[in-house]
Amino acid sequence: MRYISLFVMTMILFITITAFSLAANALHGEILEVCLEQQKVRVLIDGKLNILELAADAEIYRNGQLVELYSVRPIAKGRYQEGLFFLNHMGLVEVMIVDYSVEEKLTEQGRVLIYYDIFGNVKEVELLTSLQKEFTY
């Protein structure tokens, strides 16, 4: 029984250390540009421009599904996907989790678009104009 307790405590310690080391090497930002040939992304992190290079075996996920690098390009001018970037010991992106969430809602002020960040928090709310309303379903 003593060895089982020691094993469990060792595993908990290992998992905790691993989680902290992953969090220390994780970055969050908006993906401004994708360079497919160079396997790099230009990312805005805390108001600063960064260029991150992907490892040769990097994995990119959206909603738990593997996706290709070209799918993380900007949605439209000024509308960027967010990413969580997990770096290896060489500073290369090993895992990238991307997301772009928007929802249309009817409010007392009219129809609005609600943009969410990768964590599910409201990032921006945009009131649709009357011209935009005519083209929505």
# chains A, B, ... in the order shown; residues from 1 in each chain; ligands from 1
>>> select_by_dssp(residues="region 11-121 of chain A", states="strand (DSSP E or B)", output="PyMOL selection string")
chain A and resi 26-35+40-45+48-62+65-66+76+79+81-87+93-99+101-107+110-116
>>> residues_around(residues="region 70-82 of chain A", least_positions_apart="4", cutoff="8 Å", atoms="only C-alpha atoms", output="list in words")
His28, Gly29, Glu30, Ile31, Leu32, Glu33, Val34, Leu36, Val98, Asp99, Tyr100, Asp117 and Ile118 of chain A
